[in-house]
Each structure stands twice: as structure tokens, then as C-alpha cells.
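Following: one structure in C-alpha cells, then a few remarks.
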There are 2 protein chains.
Amino acid sequence: MALVVIGGVAAGLSAASRARRTDPRLDIVVLEKGPVISYGACGLPYYVEGRVRDIGQLIVYTPEYFRKERRIDVRTGARVVSIAHPRREVVLESGERIRYESLVIATGARPDALGIAGARQPHVFTLHTLEDAERLRSFIREKQAKRGVVIGAGYIGVEAADALRRNGLAVTVLERSPDALLRHDPMLTAAVRHQLEEHGVDLRCGVSVTAIEPDSVAGVPCDVVVLSGGFRPNVEIAAEAGIELGKSGAIRTDDRMETNLRGVYAAGDCAEVNHIVTNRPAYIPLGTTANKAGRVAGANAAGGRERFAGIVGTSIVGIFGVGFATTGFSVEQARAEGFAPVAARVEANTRPRYYGGTKTTVELVADRTTGRLIGGTVIGEDGAVGRINVIATALQARMRLAEFEQLDLAYSPPFSATWDPLLIAAQQLQKEM
Amino acid sequence: MALVVIGGVAAGLSAASRARRTDPRLDIVVLEKGPVISYGACGLPYYVEGRVRDIGQLIVYTPEYFRKERRIDVRTGARVVSIAHPRREVVLESGERIRYESLVIATGARPDALGIAGARQPHVFTLHTLEDAERLRSFIREKQAKRGVVIGAGYIGVEAADALRRNGLAVTVLERSPDALLRHDPMLTAAVRHQLEEHGVDLRCGVSVTAIEPDSVAGVPCDVVVLSGGFRPNVEIAAEAGIELGKSGAIRTDDRMETNLRGVYAAGDCAEVNHIVTNRPAYIPLGTTANKAGRVAGANAAGGRERFAGIVGTSIVGIFGVGFATTGFSVEQARAEGFAPVAARVEANTRPRYYGGTKTTVELVADRTTGRLIGGTVIGEDGAVGRINVIATALQARMRLAEFEQLDLAYSPPFSATWDPLLIAAQQLQKEM
């Protein structure tokens with residue numbers, strides 16, 4: 001029995017590791033096209049910022065580790081150019097063919113250049129690989145860059161804006177859609193804009209960039225550009241092999257992370273997963289999902305029988321010290337998904353004032369038809385991650401607002417408020433239902 | 001229609017406020033035996049510590065506020081001595097009788113003196129009312145107290161120990177049971193002991209104090225004593241009126257917070273509530289529960305129809321900056337409740353090391369028979385409250401470990417780890433199942 005895994009970052013390595021646990025005797029090969037494996041892409045903005053001094057801090061495991069500790073053959077610089085499924089072979093760029101009995105496709109995604117002209121100039125960067133981050137940091141320092149433009153106000157876009165600003169640059173973020181953070185939610189976008197502006201970063205939404213000039217973008221002068229216009233799943237070799245894609249363009253999978261080809265699994269930024277709130281496929285490429293879905297793919301590829309329930313779309317991003325966290329759907333998104341959304345937003349203290357509490361914003365969204373909670377947003381310096389995780393847990397449990405309103409949350413003055421902002425928001429929403 | 005509420009702190013005022021919303025025309029009278037209403041008893045240790053400078057900071061609302069803003073007649077110094085239910089009257093100490101159509105009993109609890117001789121000496125304090133805290137703080141300062149003994153290692157006991165220590169006293173905590181924090185859990189007790197000792201506080205468990213000497217307790221010399229040996233529900237007038245008590249000795253209620261007498265409700269530290277994990281009555285007096293159960297009692301007493309699902313037993317206490325948080329049951333408690341508990345404990349990073357993550361301890365307890373999660377403990381400086389709240393939400397949703405293991409929790413380096421310690425603990429526990 002042999003398992004081949006294409007891709008050596010989050011999903012691929014989770015799959016390989018889990019497969020090893022599932023079957024101690026399985027031959028496992030991981031083929032990574034890049035020079036390193038297992039790097040924390042989410043840490044790249046902090047390397048650019050300077051907080052992470054050595055890029056090596058972002059590498060979690062080495063191929064040697066996998067070889068020795070887990071008996072997994074990890075090869076870097078090994079680019080797969082095609083999958084010959086009838087022969088159960090993958091073909092490397094070198095011409096080498098490797099046989100598999102089961103296959104996990106974890107080819108990830110690549111930055112979307114959005115068809116922008118001039119994207120290959122030396123002052124234009126993406127922030128996807130370690131090399132990208134190293135090049136960007138060196139460029140800023142060596143060229144003493146003064147003005148940066150970030151194209152795209154998704155997570156990486158705002159993190160890049162934060163990092164550039166902390167390096168002293170004047171920064172403008174240009175976003176094609178009306179919204180920041182990939183979420184159709186005017187309140188959230190307004191809050192992001194406010195926080196960016198407070199720290200001297202200009203956010204312009206509804207600006208469609210078609211070309212990058214040598215010294216400006218859409219009329220904004222700049223000497224460095226970060227392109228963070230989202231990701232496109234790397235699905236070409238899968239599609240050519242007859243693997244079905246979903247509506248999103250990413251690989252369609254079932255709840256075992258298996259594709260339409262038996263024995264071929266997919267996970268991570270190249271694949272769709274089930275969205276628990278809608279029970280429909282979704283494409284939300286995040287490292288946490290890659291890890292979890294990768295584990296399930298690996299277990300099943302090694303003969304196990306596990307299922308991945310799916311995601312609820314939880315994320316958090318820090319902008320100049322404030323957490324912007326979301327899960328499930330905004331009102332606008334929920335309506336587009338066919339729900340009858342009702343929302344309430346509150347601003348409340350995270351702790352008693354005598355214990356240094358600060359204000360946090362909580363918005364909850366419920367479905368009027370079923371009474372179920374279907375989304376939430378938390379914005380604040382104190383405890384945003386914990387609060388969004390509570391909402392996410394409730395979404396995953398398909399909890400109704402009436403239950404959520406009575407959650408038995410922990411209280412003690414150093415940590416929280418008698419009525420947690422989550423419960424205040426729930427009470428407020430209950431009145432609207 | 002007239003509603004009488006006995007007790008003007010958490011449950012009583014929540015009930016009255018909610019009754020007002022439910023029925024804008026209802027006559028509502030709140031009878032509070034003490035001199036103030038609506039005070040944050042959980043803040044008392046921080047007044048003793050000195051962090052809260054003015055005791056007035058702990059008073060949230062005044063009777064005037066309730067009179068003007070909510071048209072609720074709140075009377076202080078109004079002690080109810082009996083309930084004449086056949087006549088629908090409460091009798092005050094003054095002899096005055098007040099008629100009710102519905103009644104909410106929110107008489108709270110009182111510190112349990114545990115039958116200890118010498119508990120009424122001037123150097124012996126409880127920490128229950130504002131006056132208690134003022135007297136204790138004055139005593140420490142005026143007498144320049146050097147050595148304190150705290151009797152009882154529950155929440156208030158450890159908070160009092162922390163507060164005394166920060167005032168420079170040598171502190172010993174004496175606990176009758178083998179366990180700290182009212183939870184039969186050797187791991188938790190060991191962690192509490194370690195943290196107390198790190199900060200110069202001695203914890204001795206299994207010490208049954210029968211008498212307080214003028215200058216020592218159980219052989220430990222001291223010049224001030226804090227008695228925090230738990231609480232006894234104030235149920236005497238209810239019991240005399242024919243209201244049934246539960247096994248715990250607190251007032252038995254149904255899920256509408258109604259007692260065995262129609263139209264008579266009870267909530268807060270005098271009443272039992274449903275424990276969602278066992279679906280049996282429990283007595284765990286906490287302000288958060290008082291608020292929530294009080295709301296339900298008030299709504300129903302005013303003609304509404306609400307139910308209180310119950311609690312899962314969530315709490316957190318800070319000991320010298322570290323949060324000790326628990327929910328549901330420990331292994332030992334779970335076994336006593338008839339479960340087949342399996343547990344796993346991990347110590348993991350709360351964030352990537354380059355982003356200042358610290359170690360946190362997470363223990364999860366599941367029931368082997370049903371696969372359900374039934375308890376958890378989180379100990380740490382960073383995010384303990386958020387993590388215990390996630391576990392609490394899962395308990396409330398009766399979530400199985402297999403689901404919990406796949407929770408879609410938020411990740412970003414400034415806030416969390418790719419694999420949250422909760423998920424690492426869940427994976428570990430899954431292996432044990």
C-alpha cells in the first residue's frame with residue numbers, strides 16, 4: 001500500500017501524519033514543489049513587520065523531521081505535472097513517475113493577479129511564500145520605501161498594510177469590492193476603515209485596479225505594491241485528470257474528503273469543504289481548515305473511515321492591535337444564502353470598569369424562520385478570539401438563539417463581565433426576532 | 001396585578017427588570033433587607049486588595065434608578081420575616097404586610113460559619129457584603145495586620161488570599177476537603193497549590209477547623225481571619241411557607257423557576273437550577289446564574305412563558321494573574337454522577353512563540369458511553385476565559401467529542417495557535433476513547 005501526497009504545507013503534512021498514525025506500515029511520499037515544507041504562511045506579515053526576525057522561525061518542521069520521526073518520505077523541489085489515474089501514477093516535472101494506491105491532493109492556492117497589468121515589476125510583491133516575504137522586507141529596507149499601495153483588503157491585505165505602516169510607510173489600500181475582509185458587511189467595513197484611518201492607513205473600496213504603473217497605482221503614488229487580491233486554487237492537474245471541481249472552482253469533495261475518483265482525496269486551499277450553516281460546499285481557504293480536512297483525508301487515504309463535518313467560516317485578523325473576528329454569515333451574506341436574517345449589534349464592556357474593561361462590539365445574526373444563530377462578528381482589543389469561538393461553537397452545534405442567550409459563560413472581574421457582551425447581544429437580538 | 005420580589009441583588013433585580021419589560025403596567029415591589037441594592041459581590045476581594053478604591057464603584061444601580069427609570073418600587077432595610085401564601089402576603093419585620101399576586105424569592109445565601117467556635121471575634125471576617133469588605137480593609141490597614149488565615153479554598157477564599165498577600169500579609173489557606181475551588185479534582189488542586197505557593201501563600205487541604213483562637217487557627221498564628229467556607233441558601237422563610245427544598249437544601253424549582261406553590265418563583269443563590277450535563281437539579285450559587293434565572297422568574301411571574309435551560313457549572317477565578325477555569329465535571333465528579341469518564345490533559349501554546357504565546361493547560365472529560373463531552377478545565381494567563389466558554393458552549397449543546405475535535409476556531413498569530421490547545425486536547429482525548 002502506498003500513499004502519495006501532493007503538497008507539503010498544512011493540508012498535505014496533516015494528511016501524511018494522520019495516515020502514518022492510521023497505518024504504521026504504509027509507504028508515504030509527500031511531494032512539495034517548493035524548497036521548504038511546513039511553513040506558517042500566516043506569519044509572513046509579521047516577518048515583513050519585523051516582529052519575526054528570522055524567517056526560519058516560520059518553519060515548523062523539516063523534511064528530516066518527517067523522515068526520521070514519522071517515516072514519511074518528504075521531497076522538496078518535486079513538482080507534479082500530471083496525475084495518470086488509470087495507471088495510478090503521478091508524473092513529476094523531471095519525468096519521474098511515482099505509483100500510488102491512494103492519493104491526497106493538497107496543491108494549495110496561488111495569489112490571484114486579478115489580470116492586473118504590470119504585476120511582474122520588481123516593486124510589486126505578493127505575500128504567499130517565505131521568499132515573497134524575504135524579498136518584500138529586503139526591498140523596503142534597501143530602497144527605503146516611503147509609500148506603499150496594497151491591492152486587496154482581505155486578511156493578508158490589511159495585515160500587509162499594518163506591517164508596512166509599522167515600517168514607517170504611508171499606506172493606501174485599494175479594494176475592488178465595496179467591502180473589506182471578504183465579507184459583504186458594511187458595518188464591518190466601516191469599522192475596519194475607522195481602525196486603519198486611526199493609524200494613518202487610507203482604505204478605498206470600489207476601486208478596480210487594472211494596471212500598476214512604475215510609480216503609482218490608480219493615481220496613488222507609491223514605490224512598493226503588495227498584491228493581495230485573493231487566491232485561486234491550484235486545480236489544473238486535478239482537473240486534467242478528470243477530477244470534478246465545484247462551483248467555486250476548487251476541488252469538490254465529499255465528507256470523507258474524497259473526490260469523484262475513488263482513492264483520490266483533496267484537502268486544503270485547493271478544495272471545497274462543507275459549510276455547516278448552509279450544508280452546502282464552500283471555498284474558504286484557511287490554514288486551520290487545511291489542517292483539519294487534511295487529517296481526515298489522510299486517515300481515509302490510509303484505510304480509515306473518518307468524516308469532516310465542515311466549517312462555519314471563522315476567522316480573525318489583527319489590525320493595529322484590535323481583533324476583527326467573524327464567523328458564519330453577515331446579514332447581507334445570509335440573505336444571499338436564502339436565510340431570513342435578523343441582526344443585533346451591541347457595544348459593551350468586556351470587564352468591570354474597575355478591572356480595566358474595554359468596549360467590544362458584538363453583532364449576532366439569526367435566521368427568523370428557524371431561530372438558529374447563523375453568524376456573528378466581534379471587534380475588540382480584549383477577548384475577541386474567545387468570543388468569536390463561542391459563536392463558532394454555537395453555529396457548529398446549530399444552536400438556536402434562545403439557547404445561546406442562556407449560555408453559562410464564566411465570570412470573574414479580572415476576565416469578564418457579569419453579562420458577557422455575547423449575552424447582551426443575544427438579548428438584544430431576541431427582541432428583534 | 002402585583003409582583004413582590006424578596007431580595008434586591010442579582011436575581012431579584014433581574015427578575016424585577018424583566019417583569020417590567022414583560023408587563024409595563026404591573027406593580028412591582030422589591031424588598032431588600034440590606035442597606036444597598038445591586039452590588040457586585042464578586043468585586044469585594046478587589047476592594048480589599050486596593051484595586052477598587054471606592055466601595056461605591058461596586059454599586060451598579062440605586063433604588064432611585066429603579067424607581068425613575070423602571071417604575072419599580074425598591075425598598076432597602078425591608079426584611080421579610082414570613083410568607084403567608086394562603087393570603088398572598090409577605091410580612092415585614094416592621095409588621096407591615098404586602099399583598100402579592102405573584103412572588104419571586106431571591107433571598108440569596110449567607111456565608112456558612114461551619115459551626116466554628118470563635119467566628120464572631122473582631123479579627124474574623126466574611127466577604128459577603130460591602131460592609132464586610134470595608135471592615136476587613138480598614139482592619140488590615142489600621143491594625144497593620146501581618147499574618148492572615150483564610151478558612152476555605154473556594155473562589156472567595158483564594159481571591160481573599162490573593163488580596164491579603166498583595167497587601168503584604170503572610171497568608172495560609174486552610175481547606176477542610178482535599179480539594180481547592182469546590183471541585184473534586186486533584187490536578188486542579190495541585191495547580192492551585194503551585195500557583196499560591198509561587199506567590200508565597202500556603203495551602204493546606206484536609207484541615208478541619210473547629211475553633212478560631214484570638215491569635216491562631218489550627219496552630220497557624222495570625223492576626224486576621226477570613227471565613228470563606230461556602231454559602232448556605234437563605235430558605236427559612238420559604239420552607240416555613242411550605243415551599244419545597246431540593247436535596248441540596250436550596251429551593252426546588254421547575255424550568256420556569258416556579259416553586260411547588262403556584263405563582264411563587266425562586267432564583268439566585270437560594271434556589272436550585274437544572275444542570276444541563278446531568279439533567280438533574282444542582283446548587284451552584286453564582287451571580288451569572290442568578291441573573292439569568294432571575295430574568296426567567298421575573299418574566300414568568302409577570303405572565304410570560306419562558307424557561308431556563310439551566311447551567312453547566314462554568315466558573316473562573318484569577319490567582320495572581322492566572323485564570324483557573326472549569327465547567328461541567330472533573331473525572332472524579334463525573335464518576336460520582338454515574339458517567340464513565342475519560343480524560344486527557346495537554347499543555348500547549350496559546351499563540352506562536354514569535355507572537356508571545358504562553359503555555360496553557362487544557363483538560364477535557366468525555367463520557368465513554370455516549371461520546372459526549374462532559375467537562376473541562378483551562379488554566380492559563382492567556383485566553384482561559386475564552387477557552388472555558390467554548391467548552392461550556394459545547395456542553396450546553398450536548399456536543400460529542402468527535403464534533404468538538406473539528407471546531408472551526410479562529411486563528412491568527414496575534415491571537416491564537418493554528419491548532420488551538422482545545423483541539424489538541426480533543427485529539428488527545430479521542431485517542432483514549
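Identifiers for the C-alpha cells are assigned positionally: chains receive A, B, ... in sequence, residues are indexed from 1 per chain, and ligands are indexed from 1 in the order shown.
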
**OP:** At a cut-off of 6 Å, list the chain B residues touching chain A, using only C-alpha atoms, as a VMD selection string.
**Re:** chain B and resid 288 311 314 to 316 386 389 to 390 408 to 410 418

**OP:** Assign secondary structure with DSSP using the backbone only, and return the residues of segment 48-180 of chain B in helix (DSSP H, G or I) as a ChimeraX atom specification.
**Re:** /B:48-49,55-58,63-70,85-87,130-142,155-166

**OP:** Extract, using only C-alpha atoms, all DNA, RNA and protein residues at most 12 Å from Thr126 of chain B, discarding same-chain residues fewer than 3 positions from it, and format them as an MDAnalysis selection string.
**Re:** chainID B and resid 41 44:45 48 110:113 119:123 129:137 149:152 156:157 160 224:231

**OP:** Tell me which protein, DNA and RNA residues are within 12 Å of Glu101 of chain B, counting only C-alpha atoms, leaving out same-chain ones fewer than 4 positions away, and put them as a PyMOL selection string.
**Re:** chain B and resi 1-5+26-29+84-90+261-265+301-303

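In this structure, atom CA of Tyr65 of chain B sits 29.7 Å away from atom CA of Gly380 of chain A.
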
Subject >> Residues near segment 166-171 of chain B, cut-off 8 Å, only C-alpha atoms, skip fewer than 3 positions along chain, as JSON, numbers by chain >> reply: {"B": [49, 145, 146, 147, 148, 149, 150, 161, 162, 163, 200, 201, 202]}

Original post:
Quick one: DSSP strand (DSSP E) residues in segment 98-340 of chain A, as a ChimeraX atom specification?
Top reply: /A:98-99,102-105,109-111,124-125,147-151,170-175,201-205,216-217,220-221,224-227,231-233,264-266,273-275,280-282,315-319,322-328

So that I have them on file, write out the residues from the current selection with C-alpha atoms, as a CSV table (one decimal), in the first residue's frame.
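Result file is again.csv:
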```csv
chain,number,residue,atom,x,y,z
A,98,ILE,CA,5.5,7.6,-8.8
A,99,ARG,CA,2.8,4.9,-8.2
A,102,SER,CA,-4.3,6.3,-2.8
A,103,LEU,CA,-3.6,10.0,-3.4
A,104,VAL,CA,-4.1,13.2,-1.5
A,105,ILE,CA,-4.1,16.4,-3.5
A,109,ALA,CA,-3.7,28.1,-3.9
A,110,ARG,CA,-1.8,30.9,-5.5
A,111,PRO,CA,-2.2,34.6,-5.3
A,124,VAL,CA,5.3,44.5,-6.9
A,125,PHE,CA,5.1,41.7,-4.3
A,147,ARG,CA,4.8,54.9,0.1
A,148,GLY,CA,3.0,51.6,-0.3
A,149,VAL,CA,-0.1,50.5,-2.0
A,150,VAL,CA,-1.9,47.3,-1.0
A,151,ILE,CA,-4.2,45.9,-3.6
A,170,ALA,CA,2.4,55.9,4.1
A,171,VAL,CA,-0.1,53.2,3.0
A,172,THR,CA,-3.2,53.1,0.9
A,173,VAL,CA,-5.3,50.0,0.5
A,174,LEU,CA,-7.3,49.7,-2.7
A,175,GLU,CA,-10.2,47.2,-2.7
A,201,VAL,CA,-3.8,54.0,6.5
A,202,ASP,CA,-6.2,55.0,3.8
A,203,LEU,CA,-8.8,52.4,2.7
A,204,ARG,CA,-10.5,53.0,-0.7
A,205,CYS,CA,-13.2,50.5,-1.6
A,216,SER,CA,1.6,54.8,-8.9
A,217,VAL,CA,-1.5,52.6,-8.8
A,220,VAL,CA,-1.9,56.8,-5.8
A,221,PRO,CA,1.9,57.4,-5.9
A,224,VAL,CA,6.1,49.5,-3.3
A,225,VAL,CA,3.0,47.5,-4.1
A,226,VAL,CA,1.6,44.4,-2.3
A,227,LEU,CA,-0.8,42.4,-4.4
A,231,PHE,CA,-6.3,33.3,-4.0
A,232,ARG,CA,-7.0,30.9,-6.8
A,233,PRO,CA,-7.0,27.2,-6.1
A,264,VAL,CA,-8.2,10.3,-4.6
A,265,TYR,CA,-8.7,12.8,-1.8
A,266,ALA,CA,-8.2,16.5,-1.7
A,273,VAL,CA,-15.5,21.8,2.2
A,274,ASN,CA,-19.0,21.6,3.6
A,275,HIS,CA,-20.3,24.8,5.2
A,280,ARG,CA,-23.5,23.4,1.0
A,281,PRO,CA,-20.0,23.3,-0.3
A,282,ALA,CA,-17.9,26.4,0.3
A,315,SER,CA,-11.6,33.9,11.1
A,316,ILE,CA,-9.8,36.7,13.0
A,317,VAL,CA,-7.4,39.4,11.9
A,318,GLY,CA,-5.5,41.9,13.9
A,319,ILE,CA,-5.4,45.5,12.7
A,322,VAL,CA,-7.6,45.3,17.5
A,323,GLY,CA,-9.2,41.9,16.6
A,324,PHE,CA,-11.7,41.8,13.8
A,325,ALA,CA,-13.4,38.4,14.0
A,326,THR,CA,-16.2,36.9,12.1
A,327,THR,CA,-18.0,33.6,11.7
A,328,GLY,CA,-20.9,32.3,9.7
```

Subject >> Exercise: Glu32 of chain B partners within 8 Å, only C-alpha atoms, chain neighbours under 3 positions left out, as number ranges by chain >> reply: B: 6-9, 35-37, 74-79

**OP:** Would you work out the distance separating atom CA of Leu364 of chain A from atom CA of Ala334 of chain A, expressed in Å to one decimal?
**Re:** 11.8 Å
